[in-house]
>>> print(open('query.txt').read())   # compact mmCIF, C-alpha atoms
# COMPACT_ATOMS: atom_id res chain seq x y z
CA MET E 1 0.00 0.00 0.00
CA SER E 2 1.30 3.47 -0.89
CA ARG E 3 2.15 5.77 2.00
CA ILE E 4 1.08 9.38 2.56
CA PHE E 5 2.21 11.96 5.09
CA SER E 6 0.66 15.28 5.96
CA GLY E 7 0.95 17.69 8.86
CA ILE E 8 -1.04 20.47 10.45
CA GLN E 9 0.05 23.19 12.84
CA PRO E 10 -1.48 23.12 16.34
CA SER E 11 -3.54 26.27 16.01
CA GLY E 12 -6.05 24.93 18.53
CA GLU E 13 -9.54 24.12 17.32
CA LEU E 14 -9.79 23.56 13.57
CA HIS E 15 -11.72 26.08 11.51
CA ILE E 16 -13.76 25.05 8.48
CA GLY E 17 -10.99 26.19 6.13
CA ASN E 18 -8.62 23.62 7.70
CA TYR E 19 -11.36 21.03 7.67
CA LEU E 20 -12.41 21.48 4.04
CA GLY E 21 -8.92 22.17 2.72
CA ALA E 22 -7.14 19.28 4.42
CA VAL E 23 -8.71 17.18 7.15
CA LYS E 24 -11.87 16.08 5.37
CA ASN E 25 -9.62 14.80 2.59
CA TRP E 26 -7.40 13.00 5.11
CA VAL E 27 -10.43 11.16 6.48
CA ALA E 28 -11.17 9.81 3.01
CA LEU E 29 -7.54 9.03 2.16
CA GLN E 30 -6.90 7.01 5.33
CA HIS E 31 -8.99 4.24 3.77
CA GLN E 32 -6.85 4.20 0.62
CA TYR E 33 -3.28 4.75 1.86
CA GLU E 34 -0.98 3.91 4.74
CA SER E 35 -1.44 7.28 6.42
CA TYR E 36 0.77 9.32 8.75
CA PHE E 37 -0.83 12.52 10.08
CA CYS E 38 1.27 14.78 12.26
CA ILE E 39 0.55 17.74 14.55
CA VAL E 40 3.61 19.78 13.62
CA ASP E 41 4.37 21.69 16.79
CA TYR E 42 7.98 22.51 15.82
CA HIS E 43 6.60 24.40 12.82
CA ALA E 44 4.42 26.41 15.19
CA ILE E 45 7.29 28.03 17.13
CA THR E 46 8.62 30.32 14.39
CA VAL E 47 6.43 33.01 16.01
CA ALA E 48 6.18 34.09 19.65
CA TYR E 49 4.07 31.77 21.83
CA GLU E 50 3.34 30.77 25.41
CA PRO E 51 4.40 27.22 26.39
CA GLU E 52 1.13 26.39 28.18
CA ASP E 53 -0.82 27.71 25.22
CA LEU E 54 1.13 25.40 22.91
CA ARG E 55 0.22 22.42 25.09
CA THR E 56 -3.45 23.41 24.97
CA ARG E 57 -3.44 23.96 21.23
CA ARG E 58 -1.86 20.56 20.59
CA ARG E 59 -4.55 18.86 22.65
CA GLU E 60 -7.36 20.81 20.99
CA MET E 61 -6.02 20.00 17.54
CA ALA E 62 -5.92 16.30 18.41
CA ILE E 63 -9.53 16.47 19.60
CA SER E 64 -10.59 18.23 16.40
CA LEU E 65 -8.82 15.68 14.20
CA LEU E 66 -10.28 12.69 16.02
CA SER E 67 -13.78 14.14 16.08
CA SER E 68 -13.51 14.91 12.34
CA GLY E 69 -13.00 11.23 11.62
CA ILE E 70 -9.28 10.48 11.78
CA ASP E 71 -9.26 6.86 12.93
CA PRO E 72 -6.18 5.77 14.93
CA GLU E 73 -6.91 2.19 13.88
CA ARG E 74 -6.37 3.20 10.25
CA ALA E 75 -3.97 6.15 10.45
CA VAL E 76 -0.94 7.04 12.56
CA LEU E 77 -1.70 10.28 14.43
CA PHE E 78 1.12 11.80 16.46
CA VAL E 79 2.86 14.99 17.60
CA GLN E 80 6.02 15.98 15.71
CA SER E 81 8.14 16.79 18.77
CA SER E 82 7.52 13.28 20.14
CA VAL E 83 9.67 11.88 17.32
CA PRO E 84 13.14 13.52 17.54
CA GLU E 85 14.23 12.08 14.20
CA HIS E 86 12.29 14.90 12.50
CA THR E 87 14.77 17.56 13.60
CA GLU E 88 17.74 15.21 13.23
CA LEU E 89 16.97 14.64 9.56
CA ALA E 90 16.17 18.33 9.08
CA TRP E 91 19.70 19.28 10.15
CA ILE E 92 21.15 16.80 7.67
CA PHE E 93 19.00 18.25 4.91
CA ASN E 94 20.08 21.78 5.90
CA THR E 95 23.62 20.83 4.93
CA ILE E 96 22.65 20.02 1.32
CA THR E 97 20.02 22.71 0.67
CA PRO E 98 21.22 25.90 -1.09
CA LEU E 99 20.38 29.16 0.65
CA GLY E 100 19.08 30.68 -2.58
CA GLU E 101 16.36 28.05 -2.94
CA LEU E 102 15.02 28.86 0.51
CA GLU E 103 15.10 32.60 -0.09
CA ARG E 104 13.03 32.11 -3.25
CA GLN E 105 10.19 30.39 -1.42
CA THR E 106 7.06 32.48 -1.86
CA GLN E 107 5.78 32.03 1.69
CA PHE E 108 9.14 33.02 3.15
CA LYS E 109 9.26 36.21 1.09
CA GLU E 110 5.70 37.16 2.04
CA LYS E 111 6.18 36.51 5.77
CA ALA E 112 9.66 38.05 5.94
CA GLN E 113 8.33 41.31 4.53
CA ARG E 114 5.99 41.62 7.50
CA GLN E 115 8.69 41.06 10.14
CA GLU E 116 11.35 43.44 11.37
CA SER E 117 13.64 40.60 12.47
CA VAL E 118 13.42 37.34 10.52
CA ALA E 119 14.22 34.15 12.43
CA VAL E 120 16.28 31.44 10.74
CA GLY E 121 13.47 28.99 11.51
CA LEU E 122 11.20 30.84 9.10
CA LEU E 123 13.80 30.44 6.35
CA THR E 124 14.44 26.74 7.02
CA TYR E 125 10.79 25.86 7.62
CA PRO E 126 10.58 24.05 4.23
CA VAL E 127 13.63 21.95 5.08
CA LEU E 128 11.94 20.67 8.23
CA GLN E 129 8.86 20.07 6.13
CA ALA E 130 10.96 17.99 3.72
CA ALA E 131 12.33 16.01 6.67
CA ASP E 132 8.79 15.42 7.97
CA ILE E 133 7.77 13.87 4.66
CA LEU E 134 10.92 11.99 3.69
CA LEU E 135 11.46 10.54 7.15
CA TYR E 136 8.51 8.25 6.40
CA LYS E 137 9.50 7.80 2.75
CA ALA E 138 6.01 8.97 1.76
CA ASP E 139 5.03 8.43 -1.86
CA SER E 140 2.46 11.22 -1.87
CA VAL E 141 1.48 14.26 0.20
CA PRO E 142 -2.07 15.68 0.41
CA VAL E 143 -1.58 19.43 -0.02
CA GLY E 144 -3.37 22.57 -1.05
CA GLU E 145 -2.14 24.57 -4.03
CA ASP E 146 -0.30 27.01 -1.72
CA GLN E 147 1.98 24.20 -0.51
CA VAL E 148 3.06 22.86 -3.90
CA GLN E 149 6.24 24.96 -3.95
CA HIS E 150 7.33 23.59 -0.58
CA LEU E 151 6.65 20.06 -1.80
CA GLU E 152 8.78 20.67 -4.88
CA LEU E 153 11.62 21.62 -2.54
CA SER E 154 11.12 18.28 -0.75
CA ARG E 155 11.43 16.52 -4.09
CA GLU E 156 14.62 18.46 -4.84
CA VAL E 157 16.07 17.61 -1.42
CA ALA E 158 15.35 13.93 -2.06
CA ARG E 159 17.05 14.11 -5.47
CA ARG E 160 20.09 15.90 -4.08
CA TRP E 161 20.56 13.52 -1.14
CA ASN E 162 20.03 10.46 -3.33
CA ALA E 163 22.58 11.72 -5.86
CA ARG E 164 25.25 11.97 -3.17
CA PHE E 165 24.50 9.05 -0.90
CA ALA E 166 22.32 6.60 -2.88
CA PRO E 167 23.41 7.06 -6.52
CA ASP E 168 22.72 3.48 -7.64
CA ALA E 169 19.21 3.07 -6.24
CA PRO E 170 17.32 6.09 -4.81
CA PHE E 171 16.68 5.73 -1.09
CA PHE E 172 14.18 8.57 -0.69
CA PRO E 173 11.15 8.66 -3.02
CA GLU E 174 10.26 11.96 -4.69
CA PRO E 175 6.82 12.55 -3.15
CA LYS E 176 3.98 13.57 -5.43
CA ALA E 177 1.28 16.09 -4.60
CA LEU E 178 -2.24 14.86 -3.93
CA LEU E 179 -4.13 18.12 -4.43
CA THR E 180 -7.13 18.46 -2.15
CA PRO E 181 -10.49 18.47 -4.00
CA THR E 182 -11.61 21.65 -2.22
CA LYS E 183 -9.89 24.75 -3.50
CA ARG E 184 -8.62 27.57 -1.30
CA ILE E 185 -11.27 28.56 1.24
CA MET E 186 -11.68 32.31 1.54
CA GLY E 187 -12.52 33.94 4.85
CA LEU E 188 -15.92 35.42 5.67
CA ASP E 189 -14.53 38.86 4.80
CA GLY E 190 -14.08 37.68 1.21
CA GLN E 191 -10.64 39.30 1.11
CA ALA E 192 -8.13 36.63 2.12
CA LYS E 193 -7.69 32.94 2.89
CA MET E 194 -9.55 31.85 6.03
CA SER E 195 -7.16 32.44 8.94
CA LYS E 196 -7.51 32.82 12.69
CA SER E 197 -5.02 35.68 12.66
CA LEU E 198 -7.36 37.63 10.36
CA GLY E 199 -10.48 36.86 12.40
CA ASN E 200 -12.42 35.65 9.33
CA THR E 201 -13.00 32.03 10.31
CA VAL E 202 -15.78 29.72 11.44
CA GLY E 203 -14.62 27.24 14.08
CA LEU E 204 -15.34 23.61 13.35
CA LEU E 205 -16.71 23.09 16.86
CA GLU E 206 -18.50 26.43 17.31
CA ASP E 207 -22.10 26.26 18.47
CA PRO E 208 -24.80 26.92 15.83
CA LYS E 209 -25.76 30.33 17.24
CA ALA E 210 -22.17 31.59 16.97
CA ILE E 211 -21.89 30.23 13.43
CA TRP E 212 -25.04 32.06 12.31
CA GLU E 213 -23.84 35.30 13.90
CA LYS E 214 -20.75 35.04 11.69
CA LEU E 215 -22.52 33.91 8.52
CA ARG E 216 -25.23 36.58 8.60
CA PRO E 217 -22.90 39.56 7.88
CA ALA E 218 -20.44 37.57 5.72
CA VAL E 219 -19.41 39.19 2.43
CA THR E 220 -21.23 38.02 -0.72
CA ASP E 221 -21.24 39.15 -4.37
CA PRO E 222 -20.52 42.92 -4.11
CA LYS E 223 -22.83 43.63 -7.07
CA ARG E 224 -25.86 42.39 -5.16
CA VAL E 225 -26.58 45.68 -3.46
CA ARG E 226 -30.36 45.19 -3.38
CA ARG E 227 -32.43 42.07 -2.90
CA THR E 228 -33.59 42.29 -6.51
CA ASP E 229 -30.10 42.57 -8.03
CA PRO E 230 -29.02 39.42 -9.90
CA GLY E 231 -25.66 38.01 -8.88
CA THR E 232 -22.77 35.89 -10.11
CA PRO E 233 -22.42 32.89 -7.80
CA GLU E 234 -18.86 32.09 -8.92
CA VAL E 235 -17.57 35.30 -7.31
CA CYS E 236 -19.46 34.75 -4.06
CA ASN E 237 -17.70 33.02 -1.19
CA ILE E 238 -21.02 31.82 0.24
CA TYR E 239 -21.63 29.92 -2.99
CA HIS E 240 -18.24 28.20 -2.68
CA LEU E 241 -19.10 27.18 0.88
CA HIS E 242 -22.34 25.73 -0.48
CA ALA E 243 -20.25 23.69 -2.94
CA ALA E 244 -18.34 22.29 0.03
CA PHE E 245 -21.25 21.64 2.40
CA SER E 246 -24.49 21.38 0.41
CA PRO E 247 -25.73 18.49 -1.78
CA PRO E 248 -25.29 19.06 -5.56
CA PRO E 249 -29.02 19.73 -6.19
CA VAL E 250 -28.94 22.46 -3.52
CA VAL E 251 -25.77 23.96 -5.00
CA GLU E 252 -27.50 24.16 -8.39
CA GLU E 253 -30.57 25.75 -6.79
CA VAL E 254 -28.33 28.31 -5.09
CA ALA E 255 -26.70 29.21 -8.41
CA VAL E 256 -30.03 29.65 -10.19
CA ASN E 257 -31.57 31.75 -7.43
CA CYS E 258 -28.46 33.93 -7.24
CA ARG E 259 -28.40 34.62 -10.98
CA THR E 260 -32.12 35.36 -11.12
CA ALA E 261 -32.35 37.17 -7.77
CA GLY E 262 -34.86 34.51 -6.75
CA TRP E 263 -33.25 34.55 -3.29
CA GLY E 264 -31.74 37.31 -1.26
CA CYS E 265 -28.31 36.75 0.27
CA ILE E 266 -29.83 36.10 3.70
CA ASP E 267 -32.03 33.36 2.19
CA CYS E 268 -28.93 31.80 0.66
CA LYS E 269 -27.04 31.98 3.95
CA LYS E 270 -29.91 30.32 5.83
CA VAL E 271 -29.74 27.33 3.49
CA LEU E 272 -25.94 27.20 3.88
CA PHE E 273 -26.32 27.30 7.66
CA GLU E 274 -28.63 24.27 7.52
CA SER E 275 -26.16 22.37 5.33
CA MET E 276 -23.23 23.24 7.56
CA ASN E 277 -25.05 22.26 10.72
CA ARG E 278 -26.02 18.91 9.21
CA GLU E 279 -22.34 18.06 8.68
CA LEU E 280 -20.85 19.75 11.74
CA ALA E 281 -23.34 18.65 14.42
CA PRO E 282 -22.03 15.03 14.55
CA ILE E 283 -18.46 16.35 14.76
CA ARG E 284 -19.38 18.57 17.72
CA GLU E 285 -21.05 15.61 19.41
CA ARG E 286 -17.96 13.41 18.97
CA ALA E 287 -15.73 16.19 20.32
CA ALA E 288 -17.88 16.46 23.43
CA GLU E 289 -17.58 12.72 23.99
CA ILE E 290 -13.80 12.80 23.50
CA ARG E 291 -13.42 15.63 26.05
CA GLU E 292 -14.94 13.36 28.68
CA HIS E 293 -11.99 10.95 28.18
CA LEU E 294 -8.94 13.17 27.61
CA GLY E 295 -6.61 10.45 28.83
CA GLN E 296 -7.53 8.47 25.74
CA VAL E 297 -6.37 11.34 23.53
CA GLU E 298 -2.92 11.18 25.13
CA ASP E 299 -2.94 7.41 24.69
CA VAL E 300 -3.73 7.75 20.98
CA LEU E 301 -0.93 10.28 20.46
CA ALA E 302 1.56 8.16 22.42
CA ALA E 303 0.68 5.06 20.42
CA GLY E 304 0.96 7.05 17.21
CA ALA E 305 4.37 8.39 18.21
CA ALA E 306 5.56 4.85 18.94
CA ARG E 307 4.46 3.65 15.52
CA ALA E 308 5.99 6.70 13.83
CA THR E 309 9.26 6.25 15.72
CA GLU E 310 9.54 2.68 14.52
CA VAL E 311 9.59 3.88 10.91
CA ALA E 312 11.60 7.06 11.60
CA SER E 313 14.37 5.26 13.48
CA GLY E 314 14.74 2.78 10.66
CA THR E 315 15.07 5.58 8.14
CA MET E 316 17.67 7.40 10.23
CA ALA E 317 19.73 4.24 10.78
CA GLU E 318 20.05 3.83 7.02
CA VAL E 319 20.72 7.54 6.47
CA LYS E 320 23.51 7.53 9.05
CA SER E 321 25.04 4.40 7.61
CA ARG E 322 25.11 5.83 4.11
CA MET E 323 26.54 9.16 5.32
CA GLY E 324 29.34 7.62 7.38
CA PHE E 325 27.94 8.18 10.86
CA ALA E 326 27.59 4.47 11.52
>>> encode(input="query.txt", output="structure tokens")
Amino acid sequence: MSRIFSGIQPSGELHIGNYLGAVKNWVALQHQYESYFCIVDYHAITVAYEPEDLRTRRREMAISLLSSGIDPERAVLFVQSSVPEHTELAWIFNTITPLGELERQTQFKEKAQRQESVAVGLLTYPVLQAADILLYKADSVPVGEDQVQHLELSREVARRWNARFAPDAPFFPEPKALLTPTKRIMGLDGQAKMSKSLGNTVGLLEDPKAIWEKLRPAVTDPKRVRRTDPGTPEVCNIYHLHAAFSPPPVVEEVAVNCRTAGWGCIDCKKVLFESMNRELAPIRERAAEIREHLGQVEDVLAAGAARATEVASGTMAEVKSRMGFA
């Protein structure tokens, strides 16, 4: 069976952008691939943080993933820092990765422009990401379009290491991208990708009343100034959320009523709210059940780390042997 790896930062509770853009896809893929899913807490410390907050966010992320349908009987779920081979391999990859390639990474350039002092960890973030993936010799990586450049760097790192230390038969595979079916999820402000830092998200586990309070004023097609103005559903973020949450016949009905002004935007949002609640209510219920047995969450993560370590230690033993450390 082919192997996949993917990671998610411990931002706390998932929002629906995370869920639709990554986790919902993971839940489906765990039935098709040998799956390793990682809460990447080392990636989360390139910005200022409080240690206790990090602990809380890791736990909340685990709860969100499990309640969304990640099954520890089918997938390996673990925390990155519990497997020290991640950073060990990252250092090795740092020694073969040209500085210029890291400086050309789009996300680095965008984030560096917003910071007065740029930490080295922000620059080498993609190298750790390459180590995360290659440590498990993953064949494929479920990613969104914004992560394709980082994945290409992982492929280049694999090629470069193989050329030097495994020239006859490649040791590391060059992982392929498994693009998520759901495209980039815009925030409720309609201006940028859904992000907690921008305050434009809907939490996966939020109660229905809070969700409606956020949906009601959410930005729609700017040309629909009046109830009677026809719209263009393709430019409306609410329509794209319908495509993610509503059944196809409802999505088609939404499109028709938008173009003909058969519905107002509030009518459209009410139908979206019903579709969202239908999918999210069972997830909220599972999360509530999991919170009553938090010890089991720690057990799942510990078991996942043990299974991940078994693979990671084997990879590192071979890497060290080929590089002259053993």
>>> atom_distance(input="query.txt", atom1="CA of Ala255 (chain E)", atom2="CA of Leu14 (chain E)")
28.3 Å
>>> atom_distance(input="query.txt", atom1="CA of Gly12 (chain E)", atom2="CA of Leu65 (chain E)")
10.6 Å
>>> residues_around(input="query.txt", residues="Gly144 (chain E)", least_positions_apart="3", cutoff="6 Å", atoms="only C-alpha atoms", output="ChimeraX atom specification")
/E:147,179-180
>>> residues_around(input="query.txt", residues="Val127 (chain E)", least_positions_apart="2", cutoff="8 Å", atoms="all atoms listed in the file", output="MDAnalysis selection string")
chainID E and resid 90 93:94 97 124:125 129:131 153:154
>>> residues_around(input="query.txt", residues="Tyr19 (chain E)", least_positions_apart="6", cutoff="9 Å", atoms="all atoms listed in the file", output="ChimeraX atom specification")
/E:25,65,68,204
>>> atom_distance(input="query.txt", atom1="CA of Gln9 (chain E)", atom2="CA of Arg59 (chain E)")
11.7 Å
>>> closest_residue(input="query.txt", among="E:Leu54, E:Leu123, E:Leu102, E:Ile185", to="Glu152 (chain E)", atoms="all atoms listed in the file")
E:Leu102
>>> closest_residue(input="query.txt", among="E:Asp132, E:Asp139, E:Glu298, E:Glu103", to="Val120 (chain E)", atoms="all atoms listed in the file")
E:Glu103
>>> residues_around(input="query.txt", residues="Thr315 (chain E)", least_positions_apart="5", cutoff="10 Å", atoms="all atoms listed in the file", output="ChimeraX atom specification")
/E:85,89,134-137,171-172,309-310,320
>>> closest_residue(input="query.txt", among="E:Asn18, E:Asn162, E:Asn237, E:Ser11", to="Val202 (chain E)", atoms="only C-alpha atoms")
E:Asn18
>>> closest_residue(input="query.txt", among="E:Val235, E:Asn200, E:Ser313, E:Val47", to="Ala112 (chain E)", atoms="all atoms listed in the file")
E:Val47
>>> residues_around(input="query.txt", residues="Leu215 (chain E)", least_positions_apart="4", cutoff="12 Å", atoms="all atoms listed in the file", output="mmCIF file with C-alpha atoms, in the coordinates of the input")
data_model
loop_
_atom_site.group_PDB
_atom_site.id
_atom_site.type_symbol
_atom_site.label_atom_id
_atom_site.label_comp_id
_atom_site.auth_asym_id
_atom_site.auth_seq_id
_atom_site.Cartn_x
_atom_site.Cartn_y
_atom_site.Cartn_z
ATOM 1 C CA GLY E 187 -12.520 33.940 4.850
ATOM 2 C CA LEU E 188 -15.920 35.420 5.670
ATOM 3 C CA ASP E 189 -14.530 38.860 4.800
ATOM 4 C CA GLY E 190 -14.080 37.680 1.210
ATOM 5 C CA ASN E 200 -12.420 35.650 9.330
ATOM 6 C CA THR E 201 -13.000 32.030 10.310
ATOM 7 C CA VAL E 202 -15.780 29.720 11.440
ATOM 8 C CA GLY E 203 -14.620 27.240 14.080
ATOM 9 C CA PRO E 208 -24.800 26.920 15.830
ATOM 10 C CA LYS E 209 -25.760 30.330 17.240
ATOM 11 C CA ALA E 210 -22.170 31.590 16.970
ATOM 12 C CA ILE E 211 -21.890 30.230 13.430
ATOM 13 C CA VAL E 219 -19.410 39.190 2.430
ATOM 14 C CA THR E 220 -21.230 38.020 -0.720
ATOM 15 C CA ASN E 237 -17.700 33.020 -1.190
ATOM 16 C CA ILE E 238 -21.020 31.820 0.240
ATOM 17 C CA LEU E 241 -19.100 27.180 0.880
ATOM 18 C CA CYS E 265 -28.310 36.750 0.270
ATOM 19 C CA ILE E 266 -29.830 36.100 3.700
ATOM 20 C CA ASP E 267 -32.030 33.360 2.190
ATOM 21 C CA CYS E 268 -28.930 31.800 0.660
ATOM 22 C CA LYS E 269 -27.040 31.980 3.950
ATOM 23 C CA LYS E 270 -29.910 30.320 5.830
ATOM 24 C CA VAL E 271 -29.740 27.330 3.490
ATOM 25 C CA LEU E 272 -25.940 27.200 3.880
ATOM 26 C CA PHE E 273 -26.320 27.300 7.660
ATOM 27 C CA GLU E 274 -28.630 24.270 7.520
ATOM 28 C CA MET E 276 -23.230 23.240 7.560
#
>>> closest_residue(input="query.txt", among="E:Thr182, E:Gln32, E:Thr46, E:Ser117", to="Glu145 (chain E)", atoms="all atoms listed in the file")
E:Thr182
>>> closest_residue(input="query.txt", among="E:Pro230, E:Gly121, E:Pro248, E:Gly7", to="Cys38 (chain E)", atoms="only C-alpha atoms")
E:Gly7
>>> closest_atom_pairs(input="query.txt", of="region 55-143 of chain E", to="region 21-24 of chain E", cutoff="12 Å", atoms="all atoms listed in the file", output="CSV")
residue,atom,partner,partner_atom,distance
E:Met61,CA,E:Val23,CA,11.1
E:Ala62,CA,E:Val23,CA,11.6
E:Ser64,CA,E:Val23,CA,9.5
E:Leu65,CA,E:Val23,CA,7.2
E:Leu66,CA,E:Val23,CA,10.1
E:Ser67,CA,E:Val23,CA,10.7
E:Ser68,CA,E:Lys24,CA,7.3
E:Gly69,CA,E:Lys24,CA,8.0
E:Ile70,CA,E:Val23,CA,8.2
E:Asp71,CA,E:Val23,CA,11.8
E:Val141,CA,E:Ala22,CA,10.8
E:Pro142,CA,E:Ala22,CA,7.4
E:Val143,CA,E:Ala22,CA,7.1
>>> decode(input="query.txt", residues="region 239-255 of chain E", atoms="N, CA and C atoms", output="PDB file, in the first residue's frame")
ATOM      1  N   TYR E 239     -21.357  30.968  -2.004  1.00  0.00           N
ATOM      2  CA  TYR E 239     -21.627  29.917  -2.992  1.00  0.00           C
ATOM      3  C   TYR E 239     -20.569  28.812  -2.915  1.00  0.00           C
ATOM      4  N   HIS E 240     -19.306  29.195  -2.757  1.00  0.00           N
ATOM      5  CA  HIS E 240     -18.240  28.197  -2.684  1.00  0.00           C
ATOM      6  C   HIS E 240     -18.352  27.363  -1.404  1.00  0.00           C
ATOM      7  N   LEU E 241     -18.847  27.962  -0.337  1.00  0.00           N
ATOM      8  CA  LEU E 241     -19.099  27.181   0.876  1.00  0.00           C
ATOM      9  C   LEU E 241     -20.264  26.222   0.667  1.00  0.00           C
ATOM     10  N   HIS E 242     -21.255  26.647  -0.110  1.00  0.00           N
ATOM     11  CA  HIS E 242     -22.336  25.725  -0.478  1.00  0.00           C
ATOM     12  C   HIS E 242     -21.761  24.528  -1.223  1.00  0.00           C
ATOM     13  N   ALA E 243     -20.838  24.780  -2.151  1.00  0.00           N
ATOM     14  CA  ALA E 243     -20.246  23.694  -2.938  1.00  0.00           C
ATOM     15  C   ALA E 243     -19.545  22.692  -2.041  1.00  0.00           C
ATOM     16  N   ALA E 244     -19.046  23.164  -0.900  1.00  0.00           N
ATOM     17  CA  ALA E 244     -18.338  22.290   0.034  1.00  0.00           C
ATOM     18  C   ALA E 244     -19.286  21.564   0.990  1.00  0.00           C
ATOM     19  N   PHE E 245     -20.392  22.200   1.367  1.00  0.00           N
ATOM     20  CA  PHE E 245     -21.255  21.638   2.402  1.00  0.00           C
ATOM     21  C   PHE E 245     -22.616  21.146   1.912  1.00  0.00           C
ATOM     22  N   SER E 246     -23.127  21.701   0.838  1.00  0.00           N
ATOM     23  CA  SER E 246     -24.494  21.383   0.409  1.00  0.00           C
ATOM     24  C   SER E 246     -24.509  20.288  -0.654  1.00  0.00           C
ATOM     25  N   PRO E 247     -25.599  19.500  -0.729  1.00  0.00           N
ATOM     26  CA  PRO E 247     -25.727  18.486  -1.780  1.00  0.00           C
ATOM     27  C   PRO E 247     -25.766  19.158  -3.160  1.00  0.00           C
ATOM     28  N   PRO E 248     -25.315  18.464  -4.214  1.00  0.00           N
ATOM     29  CA  PRO E 248     -25.289  19.064  -5.564  1.00  0.00           C
ATOM     30  C   PRO E 248     -26.609  19.702  -6.016  1.00  0.00           C
ATOM     31  N   PRO E 249     -27.773  19.070  -5.770  1.00  0.00           N
ATOM     32  CA  PRO E 249     -29.017  19.735  -6.191  1.00  0.00           C
ATOM     33  C   PRO E 249     -29.224  21.087  -5.506  1.00  0.00           C
ATOM     34  N   VAL E 250     -28.816  21.193  -4.243  1.00  0.00           N
ATOM     35  CA  VAL E 250     -28.941  22.464  -3.522  1.00  0.00           C
ATOM     36  C   VAL E 250     -27.970  23.485  -4.091  1.00  0.00           C
ATOM     37  N   VAL E 251     -26.761  23.053  -4.420  1.00  0.00           N
ATOM     38  CA  VAL E 251     -25.772  23.962  -5.000  1.00  0.00           C
ATOM     39  C   VAL E 251     -26.303  24.540  -6.309  1.00  0.00           C
ATOM     40  N   GLU E 252     -26.932  23.694  -7.132  1.00  0.00           N
ATOM     41  CA  GLU E 252     -27.495  24.165  -8.393  1.00  0.00           C
ATOM     42  C   GLU E 252     -28.642  25.150  -8.138  1.00  0.00           C
ATOM     43  N   GLU E 253     -29.467  24.848  -7.137  1.00  0.00           N
ATOM     44  CA  GLU E 253     -30.568  25.750  -6.789  1.00  0.00           C
ATOM     45  C   GLU E 253     -30.032  27.096  -6.318  1.00  0.00           C
ATOM     46  N   VAL E 254     -28.966  27.071  -5.556  1.00  0.00           N
ATOM     47  CA  VAL E 254     -28.328  28.307  -5.093  1.00  0.00           C
ATOM     48  C   VAL E 254     -27.870  29.133  -6.278  1.00  0.00           C
ATOM     49  N   ALA E 255     -27.215  28.496  -7.239  1.00  0.00           N
ATOM     50  CA  ALA E 255     -26.699  29.212  -8.405  1.00  0.00           C
ATOM     51  C   ALA E 255     -27.830  29.861  -9.198  1.00  0.00           C
TER      52      ALA E 255
END
